[in-house]
>>> print(open('input-v1.pdb').read())   # PDB, C-alpha atoms
ATOM      1  CA  MET A1135    -156.587-108.949  -1.873
ATOM      2  CA  GLN A1136    -158.032-112.287  -2.968
ATOM      3  CA  GLU A1137    -161.128-111.676  -0.836
ATOM      4  CA  ILE A1138    -161.614-108.225  -2.399
ATOM      5  CA  ALA A1139    -161.145-109.637  -5.909
ATOM      6  CA  GLY A1140    -163.655-112.398  -5.165
ATOM      7  CA  LEU A1141    -166.168-109.866  -3.845
ATOM      8  CA  ILE A1142    -165.802-107.708  -6.987
ATOM      9  CA  THR A1143    -166.243-110.769  -9.228
ATOM     10  CA  GLU A1144    -169.349-111.846  -7.294
ATOM     11  CA  GLN A1145    -170.887-108.376  -7.534
ATOM     12  CA  SER A1146    -170.031-108.237 -11.241
ATOM     13  CA  ASP A1147    -171.783-111.569 -11.814
ATOM     14  CA  GLU A1148    -174.847-110.380  -9.902
ATOM     15  CA  TYR A1149    -174.901-107.174 -11.964
ATOM     16  CA  SER A1150    -174.679-109.169 -15.210
ATOM     17  CA  GLU A1151    -177.534-111.432 -14.093
ATOM     18  CA  LEU A1152    -179.646-108.385 -13.202
ATOM     19  CA  LEU A1153    -179.004-106.826 -16.614
ATOM     20  CA  GLN A1154    -179.959-110.090 -18.324
ATOM     21  CA  LYS A1155    -183.214-110.279 -16.340
ATOM     22  CA  ILE A1156    -184.063-106.680 -17.278
ATOM     23  CA  TYR A1157    -183.287-107.456 -20.930
ATOM     24  CA  ASP A1158    -185.508-110.565 -20.850
ATOM     25  CA  ILE A1159    -188.391-108.665 -19.253
ATOM     26  CA  LYS A1160    -188.040-105.894 -21.839
ATOM     27  CA  ASN A1161    -188.198-108.448 -24.670
ATOM     28  CA  LYS A1162    -191.298-110.094 -23.190
ATOM     29  CA  ILE A1163    -193.065-106.731 -22.853
ATOM     30  CA  GLN A1164    -192.111-105.824 -26.404
ATOM     31  CA  ALA A1165    -193.352-109.183 -27.711
ATOM     32  CA  GLU A1166    -196.733-108.683 -25.996
ATOM     33  CA  ALA A1167    -196.958-105.139 -27.378
ATOM     34  CA  TYR A1168    -196.329-106.455 -30.896
ATOM     35  CA  LYS A1169    -199.149-109.003 -30.460
ATOM     36  CA  VAL A1170    -201.544-106.161 -29.651
ATOM     37  CA  LEU A1171    -200.420-104.056 -32.620
ATOM     38  CA  LEU A1172    -200.211-106.929 -35.094
ATOM     39  CA  ASN A1173    -203.865-107.914 -34.964
ATOM     40  CA  GLY A1174    -204.802-107.818 -38.658
ATOM     41  CA  GLU A1175    -206.395-110.787 -40.404
ATOM     42  CA  TYR A1176    -203.140-111.887 -42.041
ATOM     43  CA  ASP A1177    -200.570-110.260 -39.730
ATOM     44  CA  GLN A1178    -199.359-113.587 -38.340
ATOM     45  CA  ASN A1179    -198.720-114.998 -41.813
ATOM     46  CA  SER A1180    -195.505-115.331 -43.738
ATOM     47  CA  ALA A1181    -195.013-112.751 -46.480
ATOM     48  CA  ILE A1182    -194.387-112.459 -50.210
ATOM     49  CA  LEU A1183    -192.268-109.385 -50.979
ATOM     50  CA  SER A1184    -191.786-108.014 -54.506
ATOM     51  CA  ILE A1185    -189.544-105.171 -55.688
ATOM     52  CA  GLN A1186    -189.931-103.563 -59.111
ATOM     53  CA  SER A1187    -187.633-100.984 -60.691
ATOM     54  CA  GLY A1188    -189.149 -97.631 -61.606
ATOM     55  CA  ALA A1189    -187.787 -94.449 -63.134
ATOM     56  CA  GLY A1190    -184.007 -94.292 -63.239
ATOM     57  CA  GLY A1191    -182.805 -96.809 -65.825
ATOM     58  CA  ARG A1192    -179.790 -98.865 -64.757
ATOM     59  CA  ASP A1193    -179.612 -96.980 -61.468
ATOM     60  CA  ALA A1194    -183.178 -98.068 -60.653
ATOM     61  CA  GLU A1195    -182.322-101.679 -61.486
ATOM     62  CA  ASP A1196    -179.281-101.442 -59.210
ATOM     63  CA  TRP A1197    -181.525 -99.875 -56.541
ATOM     64  CA  VAL A1198    -183.682-103.017 -56.648
ATOM     65  CA  CYS A1199    -180.542-105.048 -55.865
ATOM     66  CA  LEU A1200    -179.770-102.833 -52.861
ATOM     67  CA  LEU A1201    -183.328-103.048 -51.542
ATOM     68  CA  LEU A1202    -183.362-106.825 -51.984
ATOM     69  CA  ARG A1203    -180.164-107.107 -49.955
ATOM     70  CA  MET A1204    -181.603-104.744 -47.296
ATOM     71  CA  TYR A1205    -184.669-106.918 -46.762
ATOM     72  CA  GLN A1206    -182.618-110.124 -46.814
ATOM     73  CA  LYS A1207    -180.346-108.684 -44.111
ATOM     74  CA  TYR A1208    -183.405-107.695 -42.064
ATOM     75  CA  CYS A1209    -184.763-111.242 -42.385
ATOM     76  CA  GLU A1210    -181.456-112.604 -41.108
ATOM     77  CA  ARG A1211    -181.668-110.293 -38.085
ATOM     78  CA  LYS A1212    -185.153-111.699 -37.370
ATOM     79  CA  ASN A1213    -184.069-115.307 -38.038
ATOM     80  CA  TRP A1214    -186.634-115.532 -40.831
ATOM     81  CA  LYS A1215    -186.048-117.798 -43.821
ATOM     82  CA  TYR A1216    -186.354-116.412 -47.335
ATOM     83  CA  ARG A1217    -186.067-117.668 -50.905
ATOM     84  CA  ILE A1218    -186.303-116.100 -54.349
ATOM     85  CA  ILE A1219    -189.461-117.135 -56.206
ATOM     86  CA  ASN A1220    -189.039-115.076 -59.355
ATOM     87  CA  GLN A1221    -186.586-112.511 -60.695
ATOM     88  CA  GLU A1222    -185.943-110.729 -63.960
ATOM     89  CA  LEU A1223    -182.260-109.902 -64.332
ATOM     90  CA  THR A1224    -180.813-107.339 -66.745
ATOM     91  CA  GLU A1225    -177.619-107.141 -68.785
ATOM     92  CA  ALA A1226    -174.319-106.637 -67.002
ATOM     93  CA  GLY A1227    -173.100-103.061 -67.024
ATOM     94  CA  GLY A1228    -171.541-100.286 -65.017
ATOM     95  CA  PRO A1229    -168.781-100.753 -62.461
ATOM     96  CA  GLU A1230    -167.454-104.284 -61.928
ATOM     97  CA  GLY A1231    -169.982-105.673 -64.398
ATOM     98  CA  ARG A1232    -172.908-105.205 -61.979
ATOM     99  CA  ILE A1233    -176.081-107.155 -62.704
ATOM    100  CA  GLY A1234    -179.338-105.268 -62.358
ATOM    101  CA  ILE A1235    -182.809-106.546 -61.446
ATOM    102  CA  ARG A1236    -185.987-105.281 -63.087
ATOM    103  CA  GLU A1237    -188.244-107.216 -60.747
ATOM    104  CA  VAL A1238    -187.797-109.775 -57.979
ATOM    105  CA  THR A1239    -190.178-111.683 -55.709
ATOM    106  CA  MET A1240    -189.210-113.592 -52.590
ATOM    107  CA  GLU A1241    -191.054-115.592 -49.986
ATOM    108  CA  ILE A1242    -190.325-114.742 -46.342
ATOM    109  CA  LYS A1243    -191.161-117.375 -43.743
ATOM    110  CA  GLY A1244    -191.447-116.223 -40.150
ATOM    111  CA  GLY A1245    -193.949-115.415 -37.449
ATOM    112  CA  PHE A1246    -195.755-112.113 -38.099
ATOM    113  CA  ALA A1247    -193.578-111.487 -41.188
ATOM    114  CA  PHE A1248    -196.493-109.905 -43.064
ATOM    115  CA  GLY A1249    -197.553-107.853 -40.052
ATOM    116  CA  PHE A1250    -194.098-106.358 -39.652
ATOM    117  CA  LEU A1251    -193.420-105.737 -43.354
ATOM    118  CA  LYS A1252    -196.787-104.847 -44.876
ATOM    119  CA  ARG A1253    -196.247-101.095 -44.434
ATOM    120  CA  GLU A1254    -193.099-101.319 -46.533
ATOM    121  CA  SER A1255    -195.397-101.373 -49.576
ATOM    122  CA  GLY A1256    -194.941 -98.237 -51.638
ATOM    123  CA  VAL A1257    -192.359 -96.302 -53.622
ATOM    124  CA  HIS A1258    -188.808 -96.087 -52.235
ATOM    125  CA  ARG A1259    -186.606 -93.240 -53.513
ATOM    126  CA  LEU A1260    -182.796 -93.251 -53.695
ATOM    127  CA  VAL A1261    -180.562 -90.187 -54.182
ATOM    128  CA  ARG A1262    -176.825 -90.817 -54.721
ATOM    129  CA  ILE A1263    -173.839 -90.287 -56.980
ATOM    130  CA  SER A1264    -174.564 -92.711 -59.802
ATOM    131  CA  PRO A1265    -171.996 -95.526 -60.116
ATOM    132  CA  PHE A1266    -173.000 -95.626 -63.796
ATOM    133  CA  SER A1267    -172.154 -91.966 -64.452
ATOM    134  CA  ALA A1268    -168.680 -91.247 -65.831
ATOM    135  CA  LYS A1269    -169.123 -87.623 -64.722
ATOM    136  CA  GLN A1270    -170.038 -88.637 -61.159
ATOM    137  CA  LEU A1271    -173.449 -86.989 -61.383
ATOM    138  CA  ARG A1272    -176.114 -87.216 -58.711
ATOM    139  CA  HIS A1273    -179.021 -89.430 -59.715
ATOM    140  CA  THR A1274    -182.491 -90.158 -58.320
ATOM    141  CA  SER A1275    -183.920 -93.666 -58.654
ATOM    142  CA  PHE A1276    -187.256 -95.208 -57.734
ATOM    143  CA  ALA A1277    -188.422 -98.719 -56.922
ATOM    144  CA  LYS A1278    -191.808-100.045 -55.883
ATOM    145  CA  VAL A1279    -192.123-102.526 -53.034
ATOM    146  CA  GLU A1280    -195.208-104.706 -52.610
ATOM    147  CA  VAL A1281    -195.729-106.928 -49.565
ATOM    148  CA  LEU A1282    -198.429-109.603 -49.627
ATOM    149  CA  PRO A1283    -199.555-112.177 -47.057
ATOM    150  CA  LYS A1284    -198.994-115.828 -47.809
ATOM    151  CA  ILE A1285    -202.467-117.359 -47.692
ATOM    152  CA  ALA A1286    -202.584-120.546 -45.632
ATOM    153  CA  ASN A1287    -206.071-121.595 -46.735
ATOM    154  CA  GLU A1288    -206.180-121.229 -50.505
ATOM    155  CA  GLN A1289    -209.778-122.474 -50.684
ATOM    156  CA  GLU A1290    -211.068-119.260 -49.109
ATOM    157  CA  MET A1291    -210.168-117.336 -52.268
ATOM    158  CA  GLN A1292    -212.712-119.349 -54.298
ATOM    159  CA  VAL A1293    -210.960-118.897 -57.631
ATOM    160  CA  ARG A1294    -212.640-120.704 -60.536
ATOM    161  CA  PRO A1295    -210.309-122.640 -62.881
ATOM    162  CA  GLU A1296    -211.983-121.042 -65.900
ATOM    163  CA  ASP A1297    -210.947-117.605 -64.584
ATOM    164  CA  LEU A1298    -207.262-118.495 -64.926
ATOM    165  CA  ARG A1299    -205.045-118.422 -68.007
ATOM    166  CA  ILE A1300    -201.907-120.463 -67.365
ATOM    167  CA  GLU A1301    -198.891-120.029 -69.631
ATOM    168  CA  THR A1302    -195.481-121.716 -69.548
ATOM    169  CA  PHE A1303    -192.165-120.379 -70.829
ATOM    170  CA  HIS A1304    -188.428-120.914 -70.579
ATOM    171  CA  SER A1305    -186.755-119.803 -67.353
ATOM    172  CA  SER A1306    -184.265-117.067 -68.143
ATOM    173  CA  GLY A1307    -181.052-115.663 -66.739
ATOM    174  CA  PRO A1308    -179.179-112.395 -67.340
ATOM    175  CA  GLY A1309    -179.922-110.856 -70.708
ATOM    176  CA  GLY A1310    -182.914-113.107 -71.278
ATOM    177  CA  GLN A1311    -180.803-116.070 -72.439
ATOM    178  CA  ASN A1312    -182.570-119.378 -71.948
ATOM    179  CA  VAL A1313    -180.926-121.388 -69.216
ATOM    180  CA  ASN A1314    -183.551-124.119 -69.259
ATOM    181  CA  LYS A1315    -184.541-125.991 -72.425
ATOM    182  CA  ARG A1316    -187.878-127.052 -70.935
ATOM    183  CA  GLU A1317    -190.720-124.608 -70.257
ATOM    184  CA  THR A1318    -190.599-124.826 -66.472
ATOM    185  CA  ALA A1319    -191.484-121.183 -65.748
ATOM    186  CA  VAL A1320    -195.172-120.397 -65.232
ATOM    187  CA  ARG A1321    -197.250-117.247 -65.714
ATOM    188  CA  ILE A1322    -200.852-117.078 -64.489
ATOM    189  CA  VAL A1323    -203.369-114.399 -65.423
ATOM    190  CA  HIS A1324    -206.557-113.913 -63.382
ATOM    191  CA  LEU A1325    -208.949-112.919 -66.165
ATOM    192  CA  PRO A1326    -211.622-111.062 -64.099
ATOM    193  CA  THR A1327    -209.062-108.686 -62.536
ATOM    194  CA  GLY A1328    -206.221-108.816 -65.067
ATOM    195  CA  ILE A1329    -203.729-109.643 -62.305
ATOM    196  CA  ALA A1330    -200.709-111.476 -63.751
ATOM    197  CA  VAL A1331    -198.075-113.336 -61.732
ATOM    198  CA  ALA A1332    -195.061-115.467 -62.644
ATOM    199  CA  SER A1333    -192.631-117.896 -61.059
ATOM    200  CA  GLN A1334    -189.418-119.340 -62.462
ATOM    201  CA  GLY A1335    -187.281-119.952 -59.399
ATOM    202  CA  GLU A1336    -187.858-123.720 -59.272
ATOM    203  CA  ARG A1337    -186.613-126.430 -61.641
ATOM    204  CA  ALA A1338    -190.007-128.152 -61.861
ATOM    205  CA  GLN A1339    -193.010-126.652 -63.607
ATOM    206  CA  ALA A1340    -195.392-127.945 -60.910
ATOM    207  CA  ALA A1341    -193.429-126.159 -58.186
ATOM    208  CA  ASN A1342    -193.423-122.900 -60.147
ATOM    209  CA  LYS A1343    -197.166-123.215 -60.721
ATOM    210  CA  LYS A1344    -197.713-123.660 -56.984
ATOM    211  CA  ASN A1345    -195.608-120.567 -56.223
ATOM    212  CA  ALA A1346    -197.433-118.508 -58.841
ATOM    213  CA  LEU A1347    -200.829-119.517 -57.434
ATOM    214  CA  GLU A1348    -199.719-118.509 -53.931
ATOM    215  CA  ILE A1349    -198.725-115.072 -55.191
ATOM    216  CA  LEU A1350    -202.030-114.748 -57.059
ATOM    217  CA  PHE A1351    -204.072-115.698 -53.987
ATOM    218  CA  ALA A1352    -202.120-113.158 -51.951
ATOM    219  CA  LYS A1353    -202.779-110.390 -54.481
ATOM    220  CA  LEU A1354    -206.479-111.246 -54.551
ATOM    221  CA  ALA A1355    -206.618-111.198 -50.735
ATOM    222  CA  VAL A1356    -205.035-107.727 -50.611
ATOM    223  CA  LEU A1357    -207.374-106.519 -53.365
ATOM    224  CA  ARG A1358    -210.339-107.786 -51.350
ATOM    225  CA  GLU A1359    -209.113-105.959 -48.238
ATOM    226  CA  GLN A1360    -208.622-102.744 -50.214
ATOM    227  CA  GLU A1361    -212.162-102.964 -51.565
ATOM    228  CA  ARG A1362    -213.521-103.457 -48.046
ATOM    229  CA  GLU A1363    -211.535-100.491 -46.731
ATOM    230  CA  SER A1364    -212.648 -98.336 -49.657
ATOM    231  CA  GLU A1365    -216.310 -99.170 -49.003
ATOM    232  CA  LEU A1366    -215.898 -98.400 -45.289
ATOM    233  CA  GLN A1367    -214.283 -95.053 -46.051
ATOM    234  CA  GLN A1368    -217.104 -94.153 -48.418
ATOM    235  CA  LEU A1369    -219.632 -94.921 -45.685
ATOM    236  CA  LYS A1370    -217.652 -92.743 -43.265
ATOM    237  CA  GLY A1371    -217.200 -90.011 -45.835
ATOM    238  CA  GLU A1372    -213.425 -90.268 -45.597
ATOM    239  CA  LYS A1373    -211.014 -89.510 -48.420
ATOM    240  CA  LYS A1374    -207.942 -91.631 -48.004
ATOM    241  CA  ASN A1375    -205.491 -93.102 -50.484
ATOM    242  CA  VAL A1376    -205.529 -96.891 -50.089
ATOM    243  CA  THR A1377    -203.225 -97.707 -52.982
ATOM    244  CA  PHE A1378    -199.568 -98.690 -52.747
ATOM    245  CA  GLY A1379    -198.442 -96.035 -55.221
ATOM    246  CA  SER A1380    -197.388 -93.276 -52.851
ATOM    247  CA  GLN A1381    -193.758 -92.497 -52.066
ATOM    248  CA  ILE A1382    -193.108 -93.639 -48.524
ATOM    249  CA  ARG A1383    -189.376 -93.311 -47.897
ATOM    250  CA  SER A1384    -186.291 -91.522 -49.218
ATOM    251  CA  TYR A1385    -182.722 -92.780 -48.931
ATOM    252  CA  VAL A1386    -180.301 -89.894 -49.501
ATOM    253  CA  LEU A1387    -176.611 -90.801 -49.826
ATOM    254  CA  HIS A1388    -175.434 -87.490 -51.342
ATOM    255  CA  PRO A1389    -174.802 -84.604 -50.601
ATOM    256  CA  TYR A1390    -175.664 -85.732 -47.054
ATOM    257  CA  LYS A1391    -176.780 -89.062 -45.609
ATOM    258  CA  LEU A1392    -180.331 -89.450 -44.373
ATOM    259  CA  VAL A1393    -183.113 -92.026 -44.584
ATOM    260  CA  LYS A1394    -186.530 -90.508 -43.910
ATOM    261  CA  ASP A1395    -190.008 -92.021 -43.777
ATOM    262  CA  HIS A1396    -192.463 -89.516 -45.228
ATOM    263  CA  ARG A1397    -195.485 -90.975 -43.425
ATOM    264  CA  THR A1398    -194.203 -90.952 -39.841
ATOM    265  CA  GLY A1399    -191.387 -88.405 -40.093
ATOM    266  CA  TYR A1400    -188.966 -90.925 -38.571
ATOM    267  CA  GLU A1401    -185.417 -90.602 -39.872
ATOM    268  CA  GLU A1402    -181.954 -92.139 -39.477
ATOM    269  CA  ASN A1403    -178.601 -90.527 -40.328
ATOM    270  CA  ASN A1404    -176.765 -93.849 -40.611
ATOM    271  CA  ALA A1405    -177.938 -94.729 -44.112
ATOM    272  CA  GLU A1406    -175.418 -97.564 -44.455
ATOM    273  CA  ALA A1407    -176.835 -99.312 -41.387
ATOM    274  CA  VAL A1408    -180.381 -99.027 -42.752
ATOM    275  CA  LEU A1409    -179.320-100.475 -46.114
ATOM    276  CA  ASP A1410    -177.622-103.245 -44.134
ATOM    277  CA  GLY A1411    -180.977-104.309 -42.713
ATOM    278  CA  ASP A1412    -181.377-102.100 -39.628
ATOM    279  CA  LEU A1413    -185.081-101.342 -40.195
ATOM    280  CA  ALA A1414    -186.342-101.818 -36.644
ATOM    281  CA  GLY A1415    -186.753 -98.090 -35.932
ATOM    282  CA  PHE A1416    -188.794 -97.497 -39.083
ATOM    283  CA  LEU A1417    -191.004-100.572 -38.634
ATOM    284  CA  ASP A1418    -191.667 -99.834 -34.951
ATOM    285  CA  GLU A1419    -192.659 -96.262 -35.787
ATOM    286  CA  GLU A1420    -194.964 -97.482 -38.555
ATOM    287  CA  LEU A1421    -196.670 -99.857 -36.103
ATOM    288  CA  LYS A1422    -197.222 -97.057 -33.588
ATOM    289  CA  ASN A1423    -198.764 -94.821 -36.256
ATOM    290  CA  GLN A1424    -200.961 -97.398 -37.976
TER
END
>>> encode(input="input-v1.pdb", output="structure tokens")
Amino acid sequence: MQEIAGLITEQSDEYSELLQKIYDIKNKIQAEAYKVLLNGEYDQNSAILSIQSGAGGRDAEDWVCLLLRMYQKYCERKNWKYRIINQELTEAGGPEGRIGIREVTMEIKGGFAFGFLKRESGVHRLVRISPFSAKQLRHTSFAKVEVLPKIANEQEMQVRPEDLRIETFHSSGPGGQNVNKRETAVRIVHLPTGIAVASQGERAQAANKKNALEILFAKLAVLREQERESELQQLKGEKKNVTFGSQIRSYVLHPYKLVKDHRTGYEENNAEAVLDGDLAGFLDEELKNQ
């Protein structure tokens, strides 16, 4: 009996080793495939991800909170580091005194972070029973996601100092109450384009200025790429929307549960898992259809 048990254990160990080898080979093949697909100019860079509430009032501000958590959970799955650069909180309200977010920006550090997440840019739609409705009514909320590359070489943007208007203000918490007596928060406006960015996540004004400039350079880089793509499409005679304003995905939690990407047709029935950061299926499908 001992010999039989030993033989079974040995075979089990060999089977486990074989499965591990297959798993490792699969991961290597997948990693090489990603390198082929993620070949854009900034795909290898870290990312700057912003979420802004749209139509839907308090529900939309709560939707921003859910999306922020979803992307943070995805980053944790990828072992990427993230930090909040800027956020605009709203008054407490609704169940359990929930805090809403009008707009939030975070930096995501990780290999190919921009390449993986850049197609998340667009409008995300949520359908659910509103936690803010006493009558338990169904509500539709919208939020806009923007993903930018973190520019490693800032000099390539060639931004003139005279083209920038730099303003400072008090960092604020929920309800707009000043939580910092010094004007450490920074807002920068690029006068030629009208692009405005802000940072108030750091205690020092210099650090917030650096963060704001990084966001500005990223926005200018994306704008430059959009202009190039638009010119190329005009030469080809193509008519294609290159803006980030289109609705890309719906998250339905009532009367049924379904998350569907409107560009690829990919969908998942486990909405809770998606909102808990399980985005791999959607991102892989987006890469295949780029």
>>> closest_residue(input="input-v1.pdb", among="A:Met1204, A:Ala1189, A:Val1238, A:Val1281", to="Ala1407 in chain A", atoms="all atoms listed in the file")
A:Met1204
>>> atom_distance(input="input-v1.pdb", atom1="CA of Asp1412 in chain A", atom2="CA of Ser1333 in chain A")
28.9 Å
>>> atom_distance(input="input-v1.pdb", atom1="CA of Asn1403 in chain A", atom2="CA of Gly1245 in chain A")
29.4 Å
>>> closest_residue(input="input-v1.pdb", among="A:Gly1335, A:Arg1253, A:Arg1397, A:Arg1192", to="Gln1221 in chain A", atoms="only C-alpha atoms")
A:Gly1335
>>> residues_around(input="input-v1.pdb", residues="Glu1222 in chain A", least_positions_apart="2", cutoff="7 Å", atoms="all atoms listed in the file", output="ChimeraX atom specification")
/A:1224,1235-1238
>>> write_last_selection(input="input-v1.pdb", atoms="C-alpha atoms", output="PDB file, in the frame of the given file")
ATOM      1  CA  THR A1224    -180.813-107.339 -66.745  1.00  0.00           C
ATOM      2  CA  ILE A1235    -182.809-106.546 -61.446  1.00  0.00           C
ATOM      3  CA  ARG A1236    -185.987-105.281 -63.087  1.00  0.00           C
ATOM      4  CA  GLU A1237    -188.244-107.216 -60.747  1.00  0.00           C
ATOM      5  CA  VAL A1238    -187.797-109.775 -57.979  1.00  0.00           C
TER       6      VAL A1238
END
>>> resolve_selection(input="input-v1.pdb", expression="the PyMOL selection byres ((chain A and resi 1359) around 12)", output="number ranges by chain")
A: 1174-1176, 1282-1283, 1352-1358, 1360-1366, 1376-1377
>>> closest_residue(input="input-v1.pdb", among="A:Ala1338, A:Ala1194, A:His1258, A:Phe1276", to="Lys1394 in chain A", atoms="all atoms listed in the file")
A:His1258
>>> atom_distance(input="input-v1.pdb", atom1="CA of Leu1421 in chain A", atom2="CA of Arg1383 in chain A")
15.3 Å
>>> closest_residue(input="input-v1.pdb", among="A:Leu1172, A:Ile1329, A:Ile1263, A:Ile1185", to="Ile1219 in chain A", atoms="all atoms listed in the file")
A:Ile1185
>>> residues_near_point(input="input-v1.pdb", point="(-193.1, -88.9, -48.0)", cutoff="12 Å", atoms="all atoms listed in the file", output="list in words")
Gly1256, Val1257, His1258, Arg1259, Gly1379, Ser1380, Gln1381, Ile1382, Arg1383, Ser1384, Tyr1385, Val1393, Lys1394, Asp1395, His1396, Arg1397, Thr1398, Gly1399, Tyr1400 and Glu1401 of chain A
>>> residues_around(input="input-v1.pdb", residues="Ser1255 in chain A", least_positions_apart="6", cutoff="8 Å", atoms="only C-alpha atoms", output="PDB file with C-alpha atoms, in the frame of the given file")
ATOM      1  CA  LYS A1278    -191.808-100.045 -55.883  1.00  0.00           C
ATOM      2  CA  VAL A1279    -192.123-102.526 -53.034  1.00  0.00           C
ATOM      3  CA  GLU A1280    -195.208-104.706 -52.610  1.00  0.00           C
ATOM      4  CA  VAL A1281    -195.729-106.928 -49.565  1.00  0.00           C
ATOM      5  CA  PHE A1378    -199.568 -98.690 -52.747  1.00  0.00           C
TER       6      PHE A1378
END
>>> resolve_selection(input="input-v1.pdb", expression="the PyMOL selection byres ((chain A and resi 1327) around 12)", output="mmCIF file with C-alpha atoms, in the coordinates of the input")
data_model
loop_
_atom_site.group_PDB
_atom_site.id
_atom_site.type_symbol
_atom_site.label_atom_id
_atom_site.label_comp_id
_atom_site.auth_asym_id
_atom_site.auth_seq_id
_atom_site.Cartn_x
_atom_site.Cartn_y
_atom_site.Cartn_z
ATOM 1 C CA VAL A 1293 -210.960 -118.897 -57.631
ATOM 2 C CA ASP A 1297 -210.947 -117.605 -64.584
ATOM 3 C CA LEU A 1298 -207.262 -118.495 -64.926
ATOM 4 C CA ARG A 1299 -205.045 -118.422 -68.007
ATOM 5 C CA ILE A 1322 -200.852 -117.078 -64.489
ATOM 6 C CA VAL A 1323 -203.369 -114.399 -65.423
ATOM 7 C CA HIS A 1324 -206.557 -113.913 -63.382
ATOM 8 C CA LEU A 1325 -208.949 -112.919 -66.165
ATOM 9 C CA PRO A 1326 -211.622 -111.062 -64.099
ATOM 10 C CA GLY A 1328 -206.221 -108.816 -65.067
ATOM 11 C CA ILE A 1329 -203.729 -109.643 -62.305
ATOM 12 C CA ALA A 1330 -200.709 -111.476 -63.751
ATOM 13 C CA VAL A 1331 -198.075 -113.336 -61.732
ATOM 14 C CA LEU A 1350 -202.030 -114.748 -57.059
ATOM 15 C CA LYS A 1353 -202.779 -110.390 -54.481
ATOM 16 C CA LEU A 1354 -206.479 -111.246 -54.551
ATOM 17 C CA LEU A 1357 -207.374 -106.519 -53.365
ATOM 18 C CA ARG A 1358 -210.339 -107.786 -51.350
#
>>> residues_around(input="input-v1.pdb", residues="Arg1262 in chain A", least_positions_apart="3", cutoff="8 Å", atoms="all atoms listed in the file", output="ChimeraX atom specification")
/A:1272-1274,1386-1389
>>> write_last_selection(input="input-v1.pdb", atoms="C-alpha atoms", output="PDB file, in the coordinates of the input")
ATOM      1  CA  ARG A1272    -176.114 -87.216 -58.711  1.00  0.00           C
ATOM      2  CA  HIS A1273    -179.021 -89.430 -59.715  1.00  0.00           C
ATOM      3  CA  THR A1274    -182.491 -90.158 -58.320  1.00  0.00           C
ATOM      4  CA  VAL A1386    -180.301 -89.894 -49.501  1.00  0.00           C
ATOM      5  CA  LEU A1387    -176.611 -90.801 -49.826  1.00  0.00           C
ATOM      6  CA  HIS A1388    -175.434 -87.490 -51.342  1.00  0.00           C
ATOM      7  CA  PRO A1389    -174.802 -84.604 -50.601  1.00  0.00           C
TER       8      PRO A1389
END
>>> axis_aligned_box(input="input-v1.pdb", around="range 1187-1195 of chain A", padding_each_side="8 Å", output="JSON")
{"center_x": -184.4, "center_y": -98.0, "center_z": -63.2, "size_x": 25.5, "size_y": 23.4, "size_z": 21.2}
>>> closest_residue(input="input-v1.pdb", among="A:Gln1270, A:Asn1342, A:Pro1265, A:Gly1190", to="His1304 in chain A", atoms="all atoms listed in the file")
A:Asn1342
>>> closest_residue(input="input-v1.pdb", among="A:Gln1339, A:Thr1318, A:Ser1180, A:Asn1404", to="Cys1209 in chain A", atoms="all atoms listed in the file")
A:Ser1180
>>> resolve_selection(input="input-v1.pdb", expression="the PyMOL selection byres ((chain A and resi 1302) around 7)", output="list of chain:residue names")
A:Ile1300, A:Glu1301, A:Phe1303, A:Glu1317, A:Thr1318, A:Ala1319, A:Val1320, A:Arg1321
>>> decode(input="input-v1.pdb", residues="range 1174-1190 of chain A", atoms="C-alpha atoms", output="compact mmCIF listing (two decimals), in the first residue's frame")
# COMPACT_ATOMS: atom_id res chain seq x y z
CA GLY A 1174 2.18 52.71 -29.93
CA GLU A 1175 4.53 55.61 -29.25
CA TYR A 1176 3.55 55.88 -25.58
CA ASP A 1177 2.17 52.37 -24.94
CA GLN A 1178 5.05 51.41 -22.64
CA ASN A 1179 4.55 54.48 -20.45
CA SER A 1180 2.82 54.83 -17.13
CA ALA A 1181 -0.63 56.41 -17.29
CA ILE A 1182 -2.64 59.31 -15.90
CA LEU A 1183 -6.31 58.34 -15.52
CA SER A 1184 -9.07 60.88 -14.86
CA ILE A 1185 -12.77 60.28 -14.15
CA GLN A 1186 -15.36 63.05 -14.34
CA SER A 1187 -19.02 62.83 -13.34
CA GLY A 1188 -21.60 63.50 -16.03
CA ALA A 1189 -25.38 63.50 -16.11
CA GLY A 1190 -26.99 61.91 -13.08
